[in-house]
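Chemist: Hey, dropping run.cif in here, mmCIF, C-alpha atoms and all ligand atoms:
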```cif
data_final
loop_
_atom_site.label_atom_id
_atom_site.label_comp_id
_atom_site.auth_asym_id
_atom_site.auth_seq_id
_atom_site.Cartn_x
_atom_site.Cartn_y
_atom_site.Cartn_z
CA MET A 1 0.00 0.00 0.00
CA LYS A 2 1.05 3.60 -0.47
CA ASP A 3 2.05 5.91 2.38
CA SER A 4 1.02 9.58 2.60
CA PHE A 5 3.91 10.54 0.28
CA GLY A 6 2.80 8.07 -2.42
CA ARG A 7 5.61 5.56 -1.67
CA ASP A 8 4.76 1.88 -2.08
CA ILE A 9 5.50 0.24 1.29
CA THR A 10 6.31 -3.34 0.31
CA TYR A 11 9.31 -4.19 2.52
CA LEU A 12 9.19 -5.24 6.21
CA ARG A 13 12.38 -5.46 8.22
CA LEU A 14 11.49 -7.78 11.08
CA SER A 15 13.83 -7.68 14.09
CA VAL A 16 13.38 -10.98 15.92
CA THR A 17 15.62 -10.05 18.87
CA ARG A 18 17.65 -7.22 20.37
CA ARG A 19 20.14 -9.73 21.71
CA CYS A 20 23.43 -10.03 19.85
CA ASN A 21 26.59 -12.13 20.20
CA LEU A 22 28.80 -9.23 19.05
CA ASN A 23 29.29 -5.70 20.33
CA CYS A 24 30.15 -3.58 17.29
CA VAL A 25 31.61 -0.19 18.22
CA TYR A 26 29.30 1.87 15.97
CA CYS A 27 26.04 -0.01 16.70
CA GLY A 28 23.91 1.93 19.10
CA LYS A 29 22.06 -1.16 20.30
CA ALA A 30 20.70 -0.82 23.78
CA ASP A 31 22.09 -3.13 26.42
CA CYS A 32 21.21 -6.69 25.61
CA GLU A 33 17.50 -7.05 26.15
CA LYS A 34 15.98 -10.06 27.84
CA LYS A 35 14.30 -12.84 25.88
CA GLU A 36 10.99 -12.31 27.72
CA GLU A 37 10.38 -9.16 25.66
CA GLU A 38 10.55 -11.02 22.37
CA LEU A 39 7.45 -12.19 20.50
CA THR A 40 7.04 -15.90 19.74
CA ALA A 41 7.49 -17.38 16.27
CA GLU A 42 3.70 -17.72 16.01
CA GLN A 43 3.18 -14.06 16.90
CA PHE A 44 5.74 -12.96 14.29
CA ALA A 45 3.91 -15.13 11.74
CA LEU A 46 0.58 -13.56 12.60
CA LEU A 47 1.97 -10.02 12.32
CA ALA A 48 3.88 -10.78 9.11
CA ALA A 49 0.70 -12.16 7.50
CA ALA A 50 -1.12 -8.96 8.47
CA PHE A 51 1.62 -6.85 6.89
CA ALA A 52 1.43 -9.04 3.77
CA ASP A 53 -2.31 -8.34 3.62
CA CYS A 54 -1.35 -4.63 3.68
CA GLY A 55 0.96 -4.98 0.66
CA VAL A 56 4.29 -6.18 2.09
CA ARG A 57 5.99 -8.54 -0.42
CA LYS A 58 9.52 -8.75 1.03
CA ILE A 59 10.52 -9.52 4.61
CA ARG A 60 14.06 -9.28 5.98
CA LEU A 61 14.79 -10.97 9.31
CA THR A 62 17.28 -8.99 11.37
CA GLY A 63 18.07 -7.97 14.96
CA GLY A 64 20.23 -7.75 17.19
CA GLU A 65 21.54 -11.00 15.78
CA PRO A 66 18.68 -13.16 14.42
CA LEU A 67 20.69 -16.40 14.58
CA VAL A 68 20.84 -16.19 18.39
CA ARG A 69 17.16 -17.20 18.37
CA GLY A 70 16.94 -20.97 18.71
CA ASP A 71 13.64 -20.93 16.75
CA ILE A 72 14.94 -18.95 13.74
CA VAL A 73 14.36 -21.87 11.32
CA GLU A 74 10.78 -22.20 12.60
CA ILE A 75 10.24 -18.45 12.09
CA VAL A 76 11.51 -18.77 8.49
CA ARG A 77 9.20 -21.73 7.88
CA TYR A 78 6.18 -19.80 9.19
CA LEU A 79 6.90 -16.74 7.06
CA ARG A 80 7.62 -18.77 3.94
CA ALA A 81 4.07 -20.14 4.23
CA ILE A 82 2.61 -16.66 3.59
CA PRO A 83 1.32 -17.05 0.00
CA SER A 84 1.76 -13.43 -1.15
CA LEU A 85 5.32 -13.12 0.20
CA GLU A 86 7.79 -12.91 -2.72
CA THR A 87 11.16 -12.56 -0.94
CA LEU A 88 12.36 -13.78 2.44
CA ALA A 89 15.83 -12.56 3.42
CA LEU A 90 18.05 -12.45 6.51
CA THR A 91 20.75 -10.10 7.75
CA THR A 92 23.32 -11.63 10.06
CA ASN A 93 26.82 -11.13 11.40
CA GLY A 94 27.49 -14.61 9.99
CA VAL A 95 29.03 -16.11 13.12
CA TYR A 96 26.39 -18.88 13.38
CA LEU A 97 25.56 -19.03 9.66
CA ALA A 98 27.64 -22.16 8.96
CA ARG A 99 25.45 -23.97 11.48
CA TYR A 100 22.12 -22.77 10.03
CA ALA A 101 22.60 -22.01 6.30
CA ASP A 102 21.36 -25.33 4.94
CA GLU A 103 18.35 -25.58 7.28
CA LEU A 104 17.38 -21.96 6.59
CA ARG A 105 17.52 -22.56 2.82
CA ARG A 106 15.40 -25.69 3.16
CA ALA A 107 12.91 -23.81 5.36
CA GLY A 108 12.46 -21.27 2.57
CA LEU A 109 15.00 -18.47 3.08
CA ASP A 110 16.00 -16.88 -0.25
CA SER A 111 18.96 -14.61 0.41
CA VAL A 112 21.35 -13.41 3.08
CA ASN A 113 23.23 -10.22 3.92
CA ILE A 114 26.34 -10.84 6.01
CA SER A 115 27.94 -7.97 7.92
CA LEU A 116 31.72 -8.00 7.58
CA ASP A 117 33.61 -4.79 8.30
CA SER A 118 37.09 -6.16 7.88
CA THR A 119 38.91 -9.21 6.52
CA ASP A 120 41.75 -8.56 9.00
CA GLY A 121 41.42 -10.53 12.24
CA ALA A 122 42.81 -7.89 14.61
CA THR A 123 40.68 -5.11 13.09
CA TYR A 124 37.59 -7.34 13.12
CA ARG A 125 38.16 -8.13 16.79
CA ARG A 126 38.63 -4.42 17.59
CA LEU A 127 35.37 -3.53 15.79
CA THR A 128 33.16 -6.34 17.08
CA GLY A 129 34.76 -7.32 20.40
CA ALA A 130 35.04 -10.97 19.31
CA ASP A 131 37.70 -13.18 17.71
CA VAL A 132 35.32 -14.96 15.31
CA LEU A 133 36.30 -13.76 11.82
CA HIS A 134 37.05 -17.33 10.72
CA LYS A 135 33.46 -18.32 11.58
CA VAL A 136 32.12 -15.54 9.35
CA PHE A 137 34.21 -16.81 6.43
CA ASP A 138 32.84 -20.32 7.14
CA GLY A 139 29.34 -18.80 7.14
CA ILE A 140 29.84 -17.19 3.73
CA GLU A 141 30.99 -20.51 2.26
CA ALA A 142 28.07 -22.34 3.88
CA ALA A 143 25.65 -19.80 2.38
CA GLU A 144 27.21 -20.38 -1.07
CA ARG A 145 26.93 -24.18 -0.68
CA ALA A 146 23.32 -23.92 0.54
CA GLY A 147 22.36 -21.93 -2.56
CA LEU A 148 21.29 -18.77 -0.74
CA ALA A 149 21.29 -15.93 -3.32
CA PRO A 150 22.03 -13.16 -3.59
CA ILE A 151 24.74 -13.19 -0.93
CA ARG A 152 25.65 -9.67 0.09
CA ILE A 153 28.53 -8.63 2.29
CA ASN A 154 27.73 -5.38 4.11
CA ALA A 155 30.59 -3.28 5.49
CA VAL A 156 30.67 -0.04 7.44
CA LEU A 157 33.97 1.78 6.95
CA MET A 158 35.36 4.15 9.58
CA LYS A 159 38.37 6.42 8.94
CA GLY A 160 41.25 5.52 11.21
CA VAL A 161 39.70 2.14 12.06
CA ASN A 162 39.01 -0.15 9.06
CA ALA A 163 38.87 2.15 6.01
CA ASP A 164 42.33 0.92 4.95
CA GLY A 165 40.81 -2.56 4.48
CA ALA A 166 38.38 -1.48 1.74
CA ALA A 167 40.54 -3.00 -1.04
CA ASP A 168 40.49 -6.42 0.65
CA LEU A 169 36.70 -6.27 0.98
CA ILE A 170 36.37 -5.20 -2.68
CA ASP A 171 38.56 -8.15 -3.63
CA LEU A 172 35.86 -10.52 -2.29
CA ALA A 173 33.57 -9.28 -5.11
CA ARG A 174 36.37 -9.80 -7.64
CA ARG A 175 36.73 -13.46 -6.62
CA LYS A 176 33.20 -14.41 -5.53
CA ARG A 177 29.62 -14.09 -6.82
CA VAL A 178 28.75 -11.72 -3.96
CA ASP A 179 27.76 -8.07 -3.70
CA VAL A 180 30.11 -6.21 -1.37
CA ARG A 181 28.20 -3.15 -0.17
CA PHE A 182 29.60 -0.23 1.77
CA ILE A 183 27.03 1.30 4.14
CA GLU A 184 27.78 4.83 5.29
CA LEU A 185 28.20 5.23 9.07
CA MET A 186 24.90 6.37 10.62
CA PRO A 187 24.53 8.39 13.87
CA PHE A 188 23.45 5.56 16.24
CA SER A 189 26.35 5.88 18.68
CA ASP A 190 29.19 8.22 19.71
CA GLU A 191 31.24 6.74 16.88
CA GLY A 192 28.31 7.09 14.49
CA GLU A 193 27.84 10.75 15.49
CA ASP A 194 31.49 11.44 14.63
CA ALA A 195 31.17 12.61 11.00
CA SER A 196 34.98 12.70 10.69
CA ARG A 197 34.92 8.88 10.83
CA ARG A 198 32.41 8.56 7.99
CA VAL A 199 33.56 7.23 4.60
CA THR A 200 31.17 8.26 1.81
CA GLY A 201 30.50 6.40 -1.41
CA ALA A 202 32.04 9.29 -3.31
CA GLU A 203 35.30 8.80 -1.38
CA ILE A 204 35.28 5.08 -2.20
CA LEU A 205 34.76 5.81 -5.91
CA ALA A 206 37.63 8.33 -5.81
CA GLN A 207 39.89 5.73 -4.16
CA PHE A 208 38.91 2.96 -6.64
CA PRO A 209 38.43 4.71 -10.02
CA PHE A 210 38.32 1.35 -11.85
CA LEU A 211 34.74 0.79 -10.57
CA ARG A 212 32.05 1.23 -13.28
CA GLU A 213 28.36 1.80 -12.43
CA THR A 214 26.21 -1.16 -13.55
CA GLY A 215 22.91 0.74 -13.50
CA GLY A 216 21.42 -1.88 -11.14
CA ALA A 217 20.44 0.51 -8.32
CA ASP A 218 17.86 -0.97 -5.90
CA GLY A 219 16.52 2.07 -4.11
CA THR A 220 19.22 2.22 -1.44
CA ALA A 221 22.36 0.82 -3.12
CA VAL A 222 23.99 1.96 -6.36
CA TYR A 223 25.98 -0.91 -7.92
CA TYR A 224 29.36 -1.00 -9.64
CA THR A 225 31.62 -3.63 -11.12
CA ALA A 226 35.03 -3.81 -12.81
CA GLU A 227 36.99 -5.83 -15.38
CA GLY A 228 37.36 -9.45 -14.21
CA PHE A 229 34.96 -9.11 -11.26
CA VAL A 230 32.53 -11.98 -10.58
CA GLY A 231 30.46 -9.97 -8.07
CA ARG A 232 29.49 -6.30 -7.66
CA ILE A 233 30.23 -3.42 -5.35
CA GLY A 234 27.31 -1.52 -3.82
CA LEU A 235 27.37 1.93 -2.21
CA ILE A 236 24.65 2.84 0.34
CA ASP A 237 24.90 6.44 1.51
CA PRO A 238 21.91 7.19 3.77
CA VAL A 239 23.57 10.31 5.21
CA SER A 240 25.32 11.90 2.21
CA ARG A 241 22.85 10.69 -0.46
CA LYS A 242 19.45 10.59 1.25
CA PHE A 243 17.19 8.09 -0.53
CA CYS A 244 14.13 8.58 1.66
CA GLY A 245 12.02 9.53 -1.39
CA GLN A 246 12.30 5.93 -2.61
CA CYS A 247 11.87 4.29 0.80
CA SER A 248 9.65 1.20 0.72
CA ARG A 249 10.21 -0.15 4.21
CA VAL A 250 8.87 -0.20 7.75
CA ARG A 251 10.35 -2.01 10.72
CA LEU A 252 8.74 -4.41 13.17
CA LEU A 253 10.70 -4.67 16.42
CA CYS A 254 11.03 -7.87 18.44
CA ASP A 255 8.50 -6.65 21.04
CA GLY A 256 5.73 -6.04 18.48
CA SER A 257 6.32 -2.30 18.02
CA VAL A 258 6.39 -0.80 14.52
CA LYS A 259 9.00 1.80 13.58
CA PRO A 260 7.98 3.51 10.32
CA CYS A 261 11.43 5.11 9.92
CA LEU A 262 14.88 4.02 11.19
CA GLY A 263 15.89 7.64 11.53
CA ASP A 264 12.87 8.77 13.53
CA PRO A 265 12.07 7.85 17.17
CA ALA A 266 8.32 7.18 16.61
CA GLU A 267 7.19 3.62 17.46
CA TYR A 268 3.67 2.12 17.60
CA ASP A 269 2.75 -1.01 19.63
CA LEU A 270 0.77 -3.69 17.76
CA LYS A 271 0.68 -6.25 20.60
CA PRO A 272 -2.75 -5.08 21.88
CA PHE A 273 -4.27 -6.02 18.48
CA LEU A 274 -2.76 -9.49 18.05
CA ASN A 275 -6.13 -11.19 18.68
CA ASP A 276 -8.19 -8.86 16.48
CA PRO A 277 -7.17 -9.45 12.82
CA ALA A 278 -9.33 -6.70 11.32
CA ARG A 279 -8.21 -4.09 13.86
CA LEU A 280 -4.58 -5.19 13.47
CA ARG A 281 -4.70 -4.55 9.70
CA GLU A 282 -6.36 -1.19 10.22
CA GLU A 283 -3.67 -0.21 12.75
CA ILE A 284 -0.93 -1.19 10.27
CA ARG A 285 -2.56 0.87 7.52
CA GLN A 286 -2.76 3.90 9.83
CA ILE A 287 0.86 3.51 10.97
CA ILE A 288 2.05 3.38 7.36
CA GLN A 289 0.25 6.68 6.79
CA LYS A 290 2.28 8.13 9.68
CA LYS A 291 5.63 7.30 8.04
CA PRO A 292 7.67 10.54 7.93
CA ALA A 293 9.05 12.05 4.70
CA GLY A 294 12.58 11.11 5.71
CA HIS A 295 15.13 10.42 8.43
CA ARG A 296 16.52 13.14 10.64
CA PHE A 297 20.14 11.98 10.84
CA GLY A 298 22.48 14.82 11.64
CA GLU A 299 19.97 16.61 13.85
CA ALA A 300 20.26 16.62 17.65
CA LYS A 301 21.41 13.46 19.43
CA GLN A 302 18.26 11.40 19.43
CA PHE A 303 19.33 8.10 17.96
CA HIS A 304 21.41 6.63 20.76
CA GLY A 305 20.36 3.08 21.53
CA LEU A 306 18.05 3.29 18.54
CA ASN A 307 19.53 0.75 16.26
CA GLN A 308 18.01 -2.44 17.62
CA THR A 309 16.26 -2.92 14.35
CA GLY A 310 18.88 -4.20 12.09
CA GLY A 311 19.58 -1.07 10.25
N1 LIG B 401 23.37 -8.68 13.67
C1 LIG B 401 23.05 -8.56 12.28
C2 LIG B 401 24.24 -8.04 11.49
O1 LIG B 401 25.29 -7.85 12.10
O2 LIG B 401 24.10 -7.86 10.29
C3 LIG B 401 21.81 -7.72 12.01
C4 LIG B 401 21.67 -6.45 12.82
S1 LIG B 401 22.88 -5.19 12.50
C5 LIG B 401 22.26 -3.87 13.43
C6 LIG B 401 22.39 -4.78 10.85
C7 LIG B 401 23.32 -3.90 10.12
O3 LIG B 401 23.30 -2.59 10.66
C8 LIG B 401 24.79 -4.35 10.11
O4 LIG B 401 25.22 -4.48 8.76
C9 LIG B 401 25.51 -3.19 10.75
O5 LIG B 401 26.78 -2.97 10.18
C10 LIG B 401 24.58 -2.03 10.47
N2 LIG B 401 24.79 -0.91 11.38
C11 LIG B 401 24.70 -0.95 12.71
N3 LIG B 401 24.99 0.27 13.22
C12 LIG B 401 25.29 1.07 12.15
C13 LIG B 401 25.68 2.43 12.01
N4 LIG B 401 25.85 3.23 13.08
N5 LIG B 401 25.90 2.90 10.77
C14 LIG B 401 25.75 2.10 9.70
N6 LIG B 401 25.37 0.81 9.75
C15 LIG B 401 25.15 0.31 10.99
#
```
The structure in this file should be written as structure tokens.
Ligand code: SAM

Modeler:
Amino acid sequence: MKDSFGRDITYLRLSVTRRCNLNCVYCGKADCEKKEEELTAEQFALLAAAFADCGVRKIRLTGGEPLVRGDIVEIVRYLRAIPSLETLALTTNGVYLARYADELRRAGLDSVNISLDSTDGATYRRLTGADVLHKVFDGIEAAERAGLAPIRINAVLMKGVNADGAADLIDLARRKRVDVRFIELMPFSDEGEDASRRVTGAEILAQFPFLRETGGADGTAVYYTAEGFVGRIGLIDPVSRKFCGQCSRVRLLCDGSVKPCLGDPAEYDLKPFLNDPARLREEIRQIIQKKPAGHRFGEAKQFHGLNQTGG
């Protein structure tokens, strides 16, 4: 369905947990929340079906870290059963992906985005607080074997931290059928507020002039490739190249609240309507009409602890 600015809202980012096994320096996630807060797989299925009845055609499971939920395969199976759903995707830090990739594919998952900010072990440990880079590489290979596609590697570059590793990340797209996408640092934490840390897509293009635009933009990312590359490079610049005019997404948080915009504090609780299907759909339609024109990144500090929704 269309929001009040005429945008087709077809994409639901569903955060199944706020819990996470990593502690990335730029992620403003609140302290690890307790499991009690989280909806059950059945409740997510009920809400996702209601969003599908309101025009959602793509659902991305995210978090926190979705693979910390022991019932993640069951959640995928429930959502895959929604007839009008066209795409079911997952965003993960990849640490547990080797364990789940095959089961997730068989349960009906289509594609996966894996967050990887550095291919250097020491830098990865400094950014995430964990020495698990080898497990992420295992997860990428497991996703390839399982036939999940597309596989996207999402990286956030920070000057003075991991920006010098951009070439190694780009090399993954030269060698593998993956999209390596650079997401601009957003203001969800002290680090995220520090604009001097931010690496823009324009700076990446200046540093790697061999990249050629492929014309395959998808609303948030603009894609590039180069001679001899198997995969692509994507640039996602929410701060320096606002793409709110093409936004198609809303977010459902793990406690049943809806966040129409990642860069706006407004949230609306759907839990009270779980047992009233008609009212639930009406609430969703009204919330979509409340979606703001765009994010407010760069304004006063209001985003701390915001990013429990998987970006
Ligand atoms: N745990 C999963 C993961 O690591 O992909 C899903 C949740 S995580 C919040 C989703 C994405 O948000 C990750 O790719 C992460 O890099 C990105 N992200 C988190 N904080 C960010 C920030 N301040 N700026 C840009 N991207 C951010």

Chemist: Show which residues sit within 12 Å of Glu203 in chain A, as a list of chain:residue names. Count all atoms listed in the file, and ignore same-chain residues fewer than 2 positions away.

Modeler: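 These residues fall inside the cut-off: A:Leu157, A:Met158, A:Lys159, A:Ala163, A:Ala166, A:Phe182, A:Glu184, A:Arg198, A:Val199, A:Thr200, A:Gly201, A:Leu205, A:Ala206, A:Gln207, A:Phe208, A:Pro209, A:Leu235, A:Asp237, A:Ser240.
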
Chemist: Which residues are near range 144-148 of chain A? Cut-off 10 Å, only C-alpha atoms, ignore same chain within fewer than 3 positions. Put them as a PyMOL selection string.

Modeler: chain A and resi 89+98+100-106+108-113+138-141+151+176-178

Chemist: Can you tell me which residues surround range 52-66 of chain A at a distance of at most 9 Å, considering all atoms listed in the file, apart from same-chain residues fewer than 3 positions away, and format the answer as a PyMOL selection string?

Modeler: chain A and resi 1-2+8-22+29+32+47-49+69+72+76+79+82-93+112+249+253-254+281-282+284-285+307-311

Chemist: Given the point (40.6, 0.1, 11.1) in the file's coordinates, find the residues that have an atom at most 12 Å from it, counting only C-alpha atoms, and give them as a VMD selection string.

Modeler: chain A and resid 25 117 to 128 155 to 166 197 199

Chemist: Would you mind exporting C-alpha atoms of the selected residues as a PDB file, in the frame of the given file?

Modeler:
```
ATOM      1  CA  VAL A  25      31.610  -0.190  18.220  1.00  0.00           C
ATOM      2  CA  ASP A 117      33.610  -4.790   8.300  1.00  0.00           C
ATOM      3  CA  SER A 118      37.090  -6.160   7.880  1.00  0.00           C
ATOM      4  CA  THR A 119      38.910  -9.210   6.520  1.00  0.00           C
ATOM      5  CA  ASP A 120      41.750  -8.560   9.000  1.00  0.00           C
ATOM      6  CA  GLY A 121      41.420 -10.530  12.240  1.00  0.00           C
ATOM      7  CA  ALA A 122      42.810  -7.890  14.610  1.00  0.00           C
ATOM      8  CA  THR A 123      40.680  -5.110  13.090  1.00  0.00           C
ATOM      9  CA  TYR A 124      37.590  -7.340  13.120  1.00  0.00           C
ATOM     10  CA  ARG A 125      38.160  -8.130  16.790  1.00  0.00           C
ATOM     11  CA  ARG A 126      38.630  -4.420  17.590  1.00  0.00           C
ATOM     12  CA  LEU A 127      35.370  -3.530  15.790  1.00  0.00           C
ATOM     13  CA  THR A 128      33.160  -6.340  17.080  1.00  0.00           C
ATOM     14  CA  ALA A 155      30.590  -3.280   5.490  1.00  0.00           C
ATOM     15  CA  VAL A 156      30.670  -0.040   7.440  1.00  0.00           C
ATOM     16  CA  LEU A 157      33.970   1.780   6.950  1.00  0.00           C
ATOM     17  CA  MET A 158      35.360   4.150   9.580  1.00  0.00           C
ATOM     18  CA  LYS A 159      38.370   6.420   8.940  1.00  0.00           C
ATOM     19  CA  GLY A 160      41.250   5.520  11.210  1.00  0.00           C
ATOM     20  CA  VAL A 161      39.700   2.140  12.060  1.00  0.00           C
ATOM     21  CA  ASN A 162      39.010  -0.150   9.060  1.00  0.00           C
ATOM     22  CA  ALA A 163      38.870   2.150   6.010  1.00  0.00           C
ATOM     23  CA  ASP A 164      42.330   0.920   4.950  1.00  0.00           C
ATOM     24  CA  GLY A 165      40.810  -2.560   4.480  1.00  0.00           C
ATOM     25  CA  ALA A 166      38.380  -1.480   1.740  1.00  0.00           C
ATOM     26  CA  ARG A 197      34.920   8.880  10.830  1.00  0.00           C
ATOM     27  CA  VAL A 199      33.560   7.230   4.600  1.00  0.00           C
TER      28      VAL A 199
END
```

Chemist: Any idea what the distance is between atom C8 of ligand LIG 401 (chain B) and CA of Arg152 in chain A?

Modeler: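 About the pair atom C8 of ligand LIG 401 (chain B) and CA of Arg152 in chain A: they are 11.4 Å apart.
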
Chemist: Tell me, as a list in words, which residues lie within 10 Å of range 266-279 of chain A, counting all atoms listed in the file; anything in the same chain fewer than 6 positions away does not count.

Modeler: Leu39, Gln43, Phe44, Leu46, Leu47, Ala49, Ala50, Arg251, Leu252, Leu253, Asp255, Gly256, Ser257, Val258, Lys259, Pro260, Arg285, Ile287, Lys290, Lys291 and Pro292 of chain A

Chemist: Determine the nearest neighbour of Gln289 in chain A from the options A:Cys261, A:Gly231, A:Thr225, A:Leu97, counting all atoms listed in the file.

Modeler: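 So, comparing all the options, the nearest one is A:Cys261.
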
Chemist: Find the distance between CA of Ile233 in chain A and atom O5 of ligand LIG 401 (chain B) and write it in Å to one decimal.

Modeler: 15.9 Å

Chemist: What residues have an atom no more than 7 Å from (27.8, 5.4, 11.1) in the file's own frame, counting only C-alpha atoms, and can you write them as a PDB file with C-alpha atoms, keeping the file's coordinate frame?

Modeler:
```
ATOM      1  CA  TYR A  26      29.300   1.870  15.970  1.00  0.00           C
ATOM      2  CA  GLU A 184      27.780   4.830   5.290  1.00  0.00           C
ATOM      3  CA  LEU A 185      28.200   5.230   9.070  1.00  0.00           C
ATOM      4  CA  MET A 186      24.900   6.370  10.620  1.00  0.00           C
ATOM      5  CA  PRO A 187      24.530   8.390  13.870  1.00  0.00           C
ATOM      6  CA  PHE A 188      23.450   5.560  16.240  1.00  0.00           C
ATOM      7  CA  GLU A 191      31.240   6.740  16.880  1.00  0.00           C
ATOM      8  CA  GLY A 192      28.310   7.090  14.490  1.00  0.00           C
ATOM      9  CA  GLU A 193      27.840  10.750  15.490  1.00  0.00           C
ATOM     10  CA  ARG A 198      32.410   8.560   7.990  1.00  0.00           C
TER      11      ARG A 198
END
```

Chemist: Could you tell me how far CA of Gly294 in chain A lies from atom N5 of ligand LIG 401 (chain B), in Å and to one decimal?

Modeler: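 Result for CA of Gly294 in chain A versus atom N5 of ligand LIG 401 (chain B): 16.4 Å, one decimal.
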
Chemist: Restricting the calculation to only C-alpha atoms: of A:Val136, A:Ala195, A:Ala167, A:Ile183, which residue gets closest to Pro238 in chain A?

Modeler: A:Ile183

Chemist: For ligand LIG 401 (chain B), what centre and edge lengths in Å (one decimal) does the axis-aligned box get once 6 Å is added on each side of all its listed atoms, as JSON?

Modeler:
```
{"center_x": 24.2, "center_y": -2.7, "center_z": 11.2, "size_x": 17.1, "size_y": 23.9, "size_z": 16.9}
```

Chemist: Pick from A:Pro150, A:Gly70, A:Gly263, A:Gly215: nearest to ligand LIG 401 (chain B), with only C-alpha atoms and all ligand atoms counted?

Modeler: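 Closest to ligand LIG 401 (chain B) of all the choices is A:Gly263.
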
Chemist: Can you tell me, as a list in words, what residues are no more than 12 Å from Asp218 in chain A when counting all atoms listed in the file, ignoring any on the same chain fewer than 5 positions away?

Modeler: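 Counting only the stated atoms, we get Tyr223, Gly234, Leu235, Ile236, Phe243, Gln246, Cys247 and Ser248 of chain A.
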
Chemist: Keeping only C-alpha atoms, write the selected residues as a short mmCIF file (atom, residue, chain, number, x, y, z; two decimals), in the frame of the given file.

Modeler:
```
data_model
loop_
_atom_site.label_atom_id
_atom_site.label_comp_id
_atom_site.auth_asym_id
_atom_site.auth_seq_id
_atom_site.Cartn_x
_atom_site.Cartn_y
_atom_site.Cartn_z
CA TYR A 223 25.98 -0.91 -7.92
CA GLY A 234 27.31 -1.52 -3.82
CA LEU A 235 27.37 1.93 -2.21
CA ILE A 236 24.65 2.84 0.34
CA PHE A 243 17.19 8.09 -0.53
CA GLN A 246 12.30 5.93 -2.61
CA CYS A 247 11.87 4.29 0.80
CA SER A 248 9.65 1.20 0.72
#
```

Chemist: Can you sort out range 163-167 of chain A so it carries all heavy atoms, written as an mmCIF file, in the coordinates of the input?

Modeler:
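Ended up saving to out.cif:
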```cif
data_model
loop_
_atom_site.group_PDB
_atom_site.id
_atom_site.type_symbol
_atom_site.label_atom_id
_atom_site.label_comp_id
_atom_site.auth_asym_id
_atom_site.auth_seq_id
_atom_site.Cartn_x
_atom_site.Cartn_y
_atom_site.Cartn_z
ATOM 1 N N ALA A 163 38.980 1.631 7.388
ATOM 2 C CA ALA A 163 38.870 2.150 6.010
ATOM 3 C C ALA A 163 40.029 1.642 5.138
ATOM 4 O O ALA A 163 39.872 1.428 3.930
ATOM 5 C CB ALA A 163 38.830 3.679 6.018
ATOM 6 N N ASP A 164 41.186 1.374 5.767
ATOM 7 C CA ASP A 164 42.330 0.920 4.950
ATOM 8 C C ASP A 164 42.144 -0.522 4.468
ATOM 9 O O ASP A 164 42.913 -1.043 3.680
ATOM 10 C CB ASP A 164 43.646 1.065 5.749
ATOM 11 C CG ASP A 164 43.583 0.293 7.073
ATOM 12 O OD1 ASP A 164 42.492 -0.262 7.370
ATOM 13 O OD2 ASP A 164 44.602 0.235 7.788
ATOM 14 N N GLY A 165 41.076 -1.170 4.911
ATOM 15 C CA GLY A 165 40.810 -2.560 4.480
ATOM 16 C C GLY A 165 39.808 -2.646 3.347
ATOM 17 O O GLY A 165 39.383 -3.735 2.961
ATOM 18 N N ALA A 166 39.429 -1.486 2.788
ATOM 19 C CA ALA A 166 38.380 -1.480 1.740
ATOM 20 C C ALA A 166 38.793 -2.333 0.545
ATOM 21 O O ALA A 166 37.979 -3.101 0.003
ATOM 22 C CB ALA A 166 38.106 -0.043 1.289
ATOM 23 N N ALA A 167 40.088 -2.250 0.158
ATOM 24 C CA ALA A 167 40.540 -3.000 -1.040
ATOM 25 C C ALA A 167 40.371 -4.500 -0.829
ATOM 26 O O ALA A 167 39.970 -5.229 -1.756
ATOM 27 C CB ALA A 167 42.002 -2.657 -1.335
#
```
